[in-house]
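See structure below.
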Amino acid sequence: MTSAIMHRRRVSETISPLLGTRSTPLAELLAVERRLAADVVTAVDVPGFDNSSMDGYALAHETLRTARNADGSVGPLPVVGQVAAGAQGAPVPADSLVEIMTGAPLPAGTDTVVPIEATTPGRFGAEAVTITVDDLAPGAYVRPRGSDVGAGTTVLRAGVMLTPARLGVAAACGVTALTVTTLPRVLVLSTGDEVASQADAGIHDANGVTLTAGLLRLGAEVTTLTVPDDPRILLETVAATDIDLVVSTGGISKGAREVVKLAAAADPDSDMVFEAIAMQPGGPQGCGRLAGRPWVALPGNPVSALISYEMFLRPALLGLDPEDDARDAVDHRLGTDLDEAPPSGKLQVRRARIGHNGIDLVGGSRSHLLHSYAESTHLVFIPPSGQADPADSTDSNRPGPGAGDRLKTWRIN
């Protein structure tokens, strides 16, 4: 059997030539999970000017010394104007102050802000104000120019995923377009008489929906089709499409009518490799070229297909290093003993929620339990039986991890 990491390398090698880069307007990146392809260096300071972090009064800190009373208060000081966010105020004379709103630039002659709550009468509109605090440091309640990032700073590194916060950083720096990884046009091909016809024992095509949803969220252009267990129809259907990559489900196991395997055998130019992966679920996998197209063949059971998407397809389309985790990995403790021993020699990938007691497995390991996947928040990686911890096994006689053991998890929603 082939390890999961070895197959991930194979899928990455198949897909990486199909990836490109493109400068894309920020507005087109708000709803898709794209990977940044080039560093972003800000040309401006953020913020671009000293500004107030409070609604209050701007003044020179020196005034707090020169106008201080015996009881520690300051003033009353005359109010000489108002500065709103987005406006430039007039210079402020010594021993006076100006009303200022949150985010407004400090006018010349000021360097400190007094919150409105620290004044009497404690409201805007007064002709004079008394300051009732005596411990304000110079620059209090001021956000200095460049205090977030300074001009010339690399604010985003190539390779990161464009999260909402990172997109916000780009926007704050005045960036209107980002260079991102572009994806191939994908055909999601669900195979089998049971999904392609009105068979007596037919089923609804969940795989086409789940994989299309995942691919669209990555920003791919997706076409979805079904084909029966007829290799000729499969080859003709693919030949008639204008796509760059085929992702199929089903037809690659050990049955008598495995249509993707039969099509590969009928295509003299195919170099498809079908292999058993040391992983449960998602054991049967295929990868290579078929019908003149790069092709990733996933198993047909819906949980197997989704886990294969997470393990192999998604990281390759994002251009991630095959050696790295495809999602942020966090170790959590098993809340209870396993309900079943993991298979010998295979990595088991289970669905779970993370609660106060740690990992709470949802559903069993069987690959048709899609509802349990939908009810889960994490994938949990359980090492083969006889290995308590994938990194540091201390008891090779154990049937598998038990309550309290720490296991790697990926958050999936």
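Each chain in the structure tokens gets a letter, A, B, ..., in the order shown, and its residues are numbered from 1; ligands are numbered from 1 in order too.
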Please list as a PyMOL selection string every residue within 9 Å of Ala170 (chain A), counting only C-alpha atoms and excluding residues in the same chain fewer than 5 positions away. chain A and resi 26+40+42+155-156+165+175-178
DSSP alpha helix (DSSP H) residues within region 136-350 of chain A, as a PyMOL selection string: chain A and resi 164-172+193-196+206-217+231-239+259-266+302-308+314-317
Can you spit out the residues from that selection as a compact mmCIF listing (two decimals), in the first residue's frame, using N, CA and C atoms?
```txt
# COMPACT_ATOMS: atom_id res chain seq x y z
N PRO A 164 -10.14 36.94 5.84
CA PRO A 164 -10.76 38.28 5.90
C PRO A 164 -9.81 39.33 6.49
N ALA A 165 -9.07 38.99 7.54
CA ALA A 165 -8.16 39.97 8.14
C ALA A 165 -7.06 40.37 7.16
N ARG A 166 -6.53 39.41 6.41
CA ARG A 166 -5.45 39.73 5.46
C ARG A 166 -5.97 40.57 4.30
N LEU A 167 -7.17 40.30 3.86
CA LEU A 167 -7.77 41.14 2.83
C LEU A 167 -7.98 42.55 3.38
N GLY A 168 -8.37 42.65 4.65
CA GLY A 168 -8.54 43.95 5.27
C GLY A 168 -7.24 44.72 5.35
N VAL A 169 -6.13 44.03 5.66
CA VAL A 169 -4.82 44.68 5.69
C VAL A 169 -4.49 45.26 4.33
N ALA A 170 -4.72 44.47 3.28
CA ALA A 170 -4.45 44.96 1.93
C ALA A 170 -5.27 46.20 1.62
N ALA A 171 -6.55 46.17 1.98
CA ALA A 171 -7.41 47.33 1.73
C ALA A 171 -6.95 48.54 2.51
N ALA A 172 -6.55 48.35 3.78
CA ALA A 172 -6.09 49.46 4.60
C ALA A 172 -4.84 50.11 4.04
N ASP A 193 -23.99 3.63 -12.73
CA ASP A 193 -25.39 3.55 -13.18
C ASP A 193 -26.34 4.08 -12.12
N GLU A 194 -25.96 3.92 -10.86
CA GLU A 194 -26.88 4.27 -9.78
C GLU A 194 -27.10 5.77 -9.65
N VAL A 195 -26.15 6.59 -10.15
CA VAL A 195 -26.35 8.04 -10.09
C VAL A 195 -26.65 8.64 -11.46
N ALA A 196 -26.42 7.89 -12.52
CA ALA A 196 -26.57 8.43 -13.87
C ALA A 196 -27.86 8.00 -14.56
N ALA A 206 -24.67 12.89 -4.16
CA ALA A 206 -24.13 13.77 -3.14
C ALA A 206 -22.71 14.23 -3.48
N ASN A 207 -21.93 13.35 -4.11
CA ASN A 207 -20.53 13.69 -4.40
C ASN A 207 -20.41 14.90 -5.31
N GLY A 208 -21.26 14.97 -6.33
CA GLY A 208 -21.19 16.11 -7.23
C GLY A 208 -21.44 17.42 -6.51
N VAL A 209 -22.35 17.39 -5.53
CA VAL A 209 -22.67 18.60 -4.78
C VAL A 209 -21.54 18.96 -3.83
N THR A 210 -21.05 17.99 -3.05
CA THR A 210 -20.04 18.32 -2.04
C THR A 210 -18.73 18.77 -2.68
N LEU A 211 -18.30 18.07 -3.72
CA LEU A 211 -17.03 18.45 -4.34
C LEU A 211 -17.14 19.78 -5.08
N THR A 212 -18.27 19.99 -5.75
CA THR A 212 -18.46 21.28 -6.43
C THR A 212 -18.45 22.41 -5.43
N ALA A 213 -19.12 22.23 -4.30
CA ALA A 213 -19.13 23.27 -3.26
C ALA A 213 -17.73 23.58 -2.77
N GLY A 214 -16.93 22.53 -2.52
CA GLY A 214 -15.57 22.76 -2.06
C GLY A 214 -14.72 23.47 -3.10
N LEU A 215 -14.85 23.07 -4.36
CA LEU A 215 -14.04 23.66 -5.42
C LEU A 215 -14.43 25.10 -5.71
N LEU A 216 -15.72 25.39 -5.66
CA LEU A 216 -16.17 26.76 -5.87
C LEU A 216 -15.64 27.68 -4.78
N ARG A 217 -15.56 27.17 -3.57
CA ARG A 217 -15.04 27.99 -2.48
C ARG A 217 -13.54 28.26 -2.63
N PRO A 231 -17.41 2.63 -20.13
CA PRO A 231 -16.17 3.37 -20.40
C PRO A 231 -16.21 4.17 -21.68
N ARG A 232 -16.93 3.68 -22.69
CA ARG A 232 -17.03 4.44 -23.94
C ARG A 232 -17.73 5.78 -23.69
N ILE A 233 -18.85 5.74 -22.98
CA ILE A 233 -19.58 6.97 -22.70
C ILE A 233 -18.73 7.91 -21.85
N LEU A 234 -18.02 7.35 -20.89
CA LEU A 234 -17.15 8.19 -20.05
C LEU A 234 -16.12 8.92 -20.91
N LEU A 235 -15.43 8.21 -21.79
CA LEU A 235 -14.40 8.83 -22.61
C LEU A 235 -15.00 9.86 -23.56
N GLU A 236 -16.14 9.56 -24.15
CA GLU A 236 -16.79 10.51 -25.06
C GLU A 236 -17.27 11.75 -24.33
N THR A 237 -17.79 11.56 -23.12
CA THR A 237 -18.29 12.70 -22.34
C THR A 237 -17.16 13.65 -21.99
N VAL A 238 -16.04 13.10 -21.54
CA VAL A 238 -14.91 13.95 -21.17
C VAL A 238 -14.34 14.64 -22.40
N ALA A 239 -14.25 13.93 -23.51
CA ALA A 239 -13.70 14.51 -24.73
C ALA A 239 -14.51 15.70 -25.22
N VAL A 259 -15.67 1.74 -13.76
CA VAL A 259 -15.69 2.38 -15.08
C VAL A 259 -14.44 3.22 -15.34
N VAL A 260 -13.88 3.85 -14.34
CA VAL A 260 -12.68 4.66 -14.57
C VAL A 260 -11.50 3.74 -14.88
N LYS A 261 -11.39 2.64 -14.17
CA LYS A 261 -10.34 1.67 -14.47
C LYS A 261 -10.51 1.08 -15.87
N LEU A 262 -11.76 0.76 -16.24
CA LEU A 262 -12.02 0.21 -17.56
C LEU A 262 -11.70 1.22 -18.65
N ALA A 263 -12.02 2.48 -18.42
CA ALA A 263 -11.70 3.52 -19.40
C ALA A 263 -10.20 3.69 -19.55
N ALA A 264 -9.47 3.63 -18.45
CA ALA A 264 -8.02 3.74 -18.52
C ALA A 264 -7.41 2.58 -19.30
N ALA A 265 -7.99 1.39 -19.12
CA ALA A 265 -7.49 0.23 -19.87
C ALA A 265 -7.78 0.36 -21.35
N ALA A 266 -8.88 1.05 -21.71
CA ALA A 266 -9.26 1.21 -23.11
C ALA A 266 -8.54 2.36 -23.79
N PRO A 302 -19.41 8.77 -0.17
CA PRO A 302 -19.35 10.22 0.02
C PRO A 302 -18.36 10.70 1.06
N VAL A 303 -18.22 9.98 2.19
CA VAL A 303 -17.24 10.40 3.18
C VAL A 303 -15.83 10.18 2.65
N SER A 304 -15.62 9.05 1.96
CA SER A 304 -14.31 8.79 1.35
C SER A 304 -13.95 9.89 0.37
N ALA A 305 -14.92 10.31 -0.43
CA ALA A 305 -14.66 11.35 -1.42
C ALA A 305 -14.31 12.68 -0.75
N LEU A 306 -15.05 13.04 0.30
CA LEU A 306 -14.78 14.31 0.97
C LEU A 306 -13.45 14.31 1.70
N ILE A 307 -13.14 13.21 2.37
CA ILE A 307 -11.86 13.14 3.06
C ILE A 307 -10.71 13.13 2.04
N SER A 308 -10.91 12.48 0.91
CA SER A 308 -9.90 12.51 -0.15
C SER A 308 -9.72 13.91 -0.70
N ARG A 314 -7.64 19.33 -2.35
CA ARG A 314 -7.62 20.72 -1.89
C ARG A 314 -6.20 21.24 -1.72
N PRO A 315 -5.30 20.52 -1.02
CA PRO A 315 -3.94 21.06 -0.87
C PRO A 315 -3.21 21.22 -2.19
N ALA A 316 -3.45 20.31 -3.14
CA ALA A 316 -2.78 20.44 -4.45
C ALA A 316 -3.29 21.66 -5.19
N LEU A 317 -4.58 21.92 -5.15
CA LEU A 317 -5.14 23.07 -5.84
C LEU A 317 -4.71 24.39 -5.20
```
Choose the residue, out of A:Asn51, A:Leu218, A:Glu323, A:Glu13, that has the smallest atom-to-atom separation from Leu183 (chain A); count only C-alpha atoms.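 Going through A:Asn51, A:Leu218, A:Glu323, A:Glu13 one by one, the smallest distance to Leu183 (chain A) is for A:Leu218.
Taking CA of Gly192 (chain A) and CA of Gly300 (chain A) as the two end points, the separation is 8.9 Å.
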For region 345-352 of chain A, list every protein, DNA or RNA residue within 6 Å, evaluated using only C-alpha atoms, and leave out those in the same chain fewer than 2 positions away; present the list as an mmCIF file with C-alpha atoms, in the first residue's frame.
```cif
data_model
loop_
_atom_site.group_PDB
_atom_site.id
_atom_site.type_symbol
_atom_site.label_atom_id
_atom_site.label_comp_id
_atom_site.auth_asym_id
_atom_site.auth_seq_id
_atom_site.Cartn_x
_atom_site.Cartn_y
_atom_site.Cartn_z
ATOM 1 C CA ALA A 278 -2.912 3.136 3.786
ATOM 2 C CA MET A 279 -5.826 5.237 4.990
ATOM 3 C CA GLN A 280 -9.390 4.621 6.126
ATOM 4 C CA PRO A 343 -7.152 -0.852 11.208
ATOM 5 C CA ASP A 360 -15.813 13.718 20.797
ATOM 6 C CA LEU A 361 -15.994 11.333 17.839
ATOM 7 C CA VAL A 362 -19.111 11.642 15.681
ATOM 8 C CA TYR A 373 -19.494 14.378 8.598
ATOM 9 C CA SER A 376 -18.642 17.406 12.716
ATOM 10 C CA HIS A 378 -12.907 18.466 12.854
ATOM 11 C CA LEU A 379 -11.118 15.593 11.209
ATOM 12 C CA VAL A 380 -9.118 13.489 13.670
ATOM 13 C CA PHE A 381 -6.048 11.479 12.648
ATOM 14 C CA ILE A 382 -5.797 8.170 14.462
ATOM 15 C CA PRO A 383 -2.530 6.289 13.980
ATOM 16 C CA PRO A 384 -2.544 2.601 13.044
#
```
Need to verify the contact set: Asp321 (chain A), 12 Å, only C-alpha atoms, exclusion of same-chain residues closer than 3 positions in sequence. Can you return it as a ChimeraX atom specification? /A:5,8-13,16,159,312,314-318,324-327
Output for the residues just chosen: N, CA, C and O atoms as a PDB file, in the first residue's frame:
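New file again35.pdb:
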```pdb
ATOM      1  N   ILE A   5       0.914  10.416   2.340  1.00  0.00           N
ATOM      2  CA  ILE A   5       1.799  11.496   1.917  1.00  0.00           C
ATOM      3  C   ILE A   5       2.368  11.225   0.532  1.00  0.00           C
ATOM      4  O   ILE A   5       2.540  12.150  -0.277  1.00  0.00           O
ATOM      5  N   ARG A   8      -0.312  12.110  -1.875  1.00  0.00           N
ATOM      6  CA  ARG A   8      -0.465  13.567  -1.942  1.00  0.00           C
ATOM      7  C   ARG A   8       0.583  14.174  -2.864  1.00  0.00           C
ATOM      8  O   ARG A   8       0.299  15.102  -3.632  1.00  0.00           O
ATOM      9  N   ARG A   9       1.796  13.641  -2.812  1.00  0.00           N
ATOM     10  CA  ARG A   9       2.834  14.119  -3.734  1.00  0.00           C
ATOM     11  C   ARG A   9       2.433  13.852  -5.182  1.00  0.00           C
ATOM     12  O   ARG A   9       2.624  14.691  -6.069  1.00  0.00           O
ATOM     13  N   ARG A  10       1.863  12.670  -5.446  1.00  0.00           N
ATOM     14  CA  ARG A  10       1.476  12.321  -6.810  1.00  0.00           C
ATOM     15  C   ARG A  10       0.383  13.264  -7.321  1.00  0.00           C
ATOM     16  O   ARG A  10       0.436  13.734  -8.463  1.00  0.00           O
ATOM     17  N   VAL A  11      -0.596  13.556  -6.488  1.00  0.00           N
ATOM     18  CA  VAL A  11      -1.667  14.464  -6.894  1.00  0.00           C
ATOM     19  C   VAL A  11      -1.119  15.867  -7.114  1.00  0.00           C
ATOM     20  O   VAL A  11      -1.482  16.558  -8.071  1.00  0.00           O
ATOM     21  N   SER A  12      -0.219  16.289  -6.233  1.00  0.00           N
ATOM     22  CA  SER A  12       0.392  17.607  -6.393  1.00  0.00           C
ATOM     23  C   SER A  12       1.166  17.706  -7.701  1.00  0.00           C
ATOM     24  O   SER A  12       1.093  18.724  -8.406  1.00  0.00           O
ATOM     25  N   GLU A  13       1.908  16.666  -8.049  1.00  0.00           N
ATOM     26  CA  GLU A  13       2.657  16.666  -9.310  1.00  0.00           C
ATOM     27  C   GLU A  13       1.733  16.721 -10.521  1.00  0.00           C
ATOM     28  O   GLU A  13       2.082  17.297 -11.561  1.00  0.00           O
ATOM     29  N   SER A  16      -0.009  20.649 -10.117  1.00  0.00           N
ATOM     30  CA  SER A  16       0.801  21.875 -10.049  1.00  0.00           C
ATOM     31  C   SER A  16       1.050  22.520 -11.411  1.00  0.00           C
ATOM     32  O   SER A  16       1.052  23.764 -11.504  1.00  0.00           O
ATOM     33  N   GLY A 159       2.145  32.953  -0.429  1.00  0.00           N
ATOM     34  CA  GLY A 159       1.879  31.630   0.096  1.00  0.00           C
ATOM     35  C   GLY A 159       0.803  31.586   1.154  1.00  0.00           C
ATOM     36  O   GLY A 159       0.259  30.513   1.426  1.00  0.00           O
ATOM     37  N   PHE A 312      -6.004  15.275  -0.364  1.00  0.00           N
ATOM     38  CA  PHE A 312      -5.214  15.247  -1.592  1.00  0.00           C
ATOM     39  C   PHE A 312      -5.533  16.385  -2.559  1.00  0.00           C
ATOM     40  O   PHE A 312      -4.625  17.059  -3.039  1.00  0.00           O
ATOM     41  N   ARG A 314      -7.644  19.328  -2.349  1.00  0.00           N
ATOM     42  CA  ARG A 314      -7.619  20.723  -1.895  1.00  0.00           C
ATOM     43  C   ARG A 314      -6.196  21.241  -1.722  1.00  0.00           C
ATOM     44  O   ARG A 314      -5.871  22.343  -2.212  1.00  0.00           O
ATOM     45  N   PRO A 315      -5.297  20.519  -1.016  1.00  0.00           N
ATOM     46  CA  PRO A 315      -3.942  21.062  -0.868  1.00  0.00           C
ATOM     47  C   PRO A 315      -3.210  21.220  -2.194  1.00  0.00           C
ATOM     48  O   PRO A 315      -2.443  22.168  -2.369  1.00  0.00           O
ATOM     49  N   ALA A 316      -3.452  20.311  -3.142  1.00  0.00           N
ATOM     50  CA  ALA A 316      -2.781  20.438  -4.446  1.00  0.00           C
ATOM     51  C   ALA A 316      -3.286  21.660  -5.194  1.00  0.00           C
ATOM     52  O   ALA A 316      -2.505  22.395  -5.810  1.00  0.00           O
ATOM     53  N   LEU A 317      -4.580  21.918  -5.146  1.00  0.00           N
ATOM     54  CA  LEU A 317      -5.143  23.073  -5.844  1.00  0.00           C
ATOM     55  C   LEU A 317      -4.715  24.389  -5.199  1.00  0.00           C
ATOM     56  O   LEU A 317      -4.642  25.419  -5.872  1.00  0.00           O
ATOM     57  N   LEU A 318      -4.446  24.366  -3.906  1.00  0.00           N
ATOM     58  CA  LEU A 318      -3.958  25.565  -3.240  1.00  0.00           C
ATOM     59  C   LEU A 318      -2.460  25.745  -3.401  1.00  0.00           C
ATOM     60  O   LEU A 318      -1.897  26.743  -2.941  1.00  0.00           O
ATOM     61  N   ASP A 324       3.340  19.481   4.053  1.00  0.00           N
ATOM     62  CA  ASP A 324       2.707  20.283   5.097  1.00  0.00           C
ATOM     63  C   ASP A 324       1.258  19.855   5.314  1.00  0.00           C
ATOM     64  O   ASP A 324       0.623  19.268   4.422  1.00  0.00           O
ATOM     65  N   ASP A 325       0.730  20.193   6.479  1.00  0.00           N
ATOM     66  CA  ASP A 325      -0.690  19.977   6.725  1.00  0.00           C
ATOM     67  C   ASP A 325      -1.510  20.883   5.821  1.00  0.00           C
ATOM     68  O   ASP A 325      -1.157  22.050   5.583  1.00  0.00           O
ATOM     69  N   ALA A 326      -2.612  20.349   5.320  1.00  0.00           N
ATOM     70  CA  ALA A 326      -3.453  21.115   4.413  1.00  0.00           C
ATOM     71  C   ALA A 326      -4.327  22.115   5.151  1.00  0.00           C
ATOM     72  O   ALA A 326      -4.843  23.055   4.560  1.00  0.00           O
ATOM     73  N   ARG A 327      -4.524  21.906   6.432  1.00  0.00           N
ATOM     74  CA  ARG A 327      -5.234  22.860   7.287  1.00  0.00           C
ATOM     75  C   ARG A 327      -4.433  23.019   8.573  1.00  0.00           C
ATOM     76  O   ARG A 327      -3.562  22.205   8.883  1.00  0.00           O
TER      77      ARG A 327
END
```
Closest of A:Leu64, A:Leu298, A:Cys173, A:Met1 to Thr112 (chain A) - atom-to-atom distances counting only C-alpha atoms: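 With only C-alpha atoms as the atom set, the closest residue is A:Leu64.
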DSSP on the backbone, then: every residue of region 72-138 of chain A marked strand (DSSP E), written as an NGL selection string. :A and (74-83 or 97-100 or 112-115 or 119-120 or 128-131)
Using only C-alpha atoms, which residue out of A:Arg143, A:Gly363, A:Thr130, A:Asp205 lies closest to Gly250 (chain A)?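 Closest residue, counting only C-alpha atoms: A:Asp205.
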Which polymer residues have any atom within 10 Å of an atom of region 334-340 of chain A, counting only C-alpha atoms, with same-chain residues fewer than 4 positions away left out, as a VMD selection string? chain A and resid 354 to 361 363 to 365 380 382 399 to 407
Neighbour list for Val330 (chain A) as a ChimeraX atom specification, cut-off 7 Å, only C-alpha atoms, skip fewer than 5 positions in-chain: /A:408-410
Figure out the distance between CA of Leu106 (chain A) and CA of Thr66 (chain A), please, to one decimal in Å.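 Those two atoms sit 20.5 Å apart.
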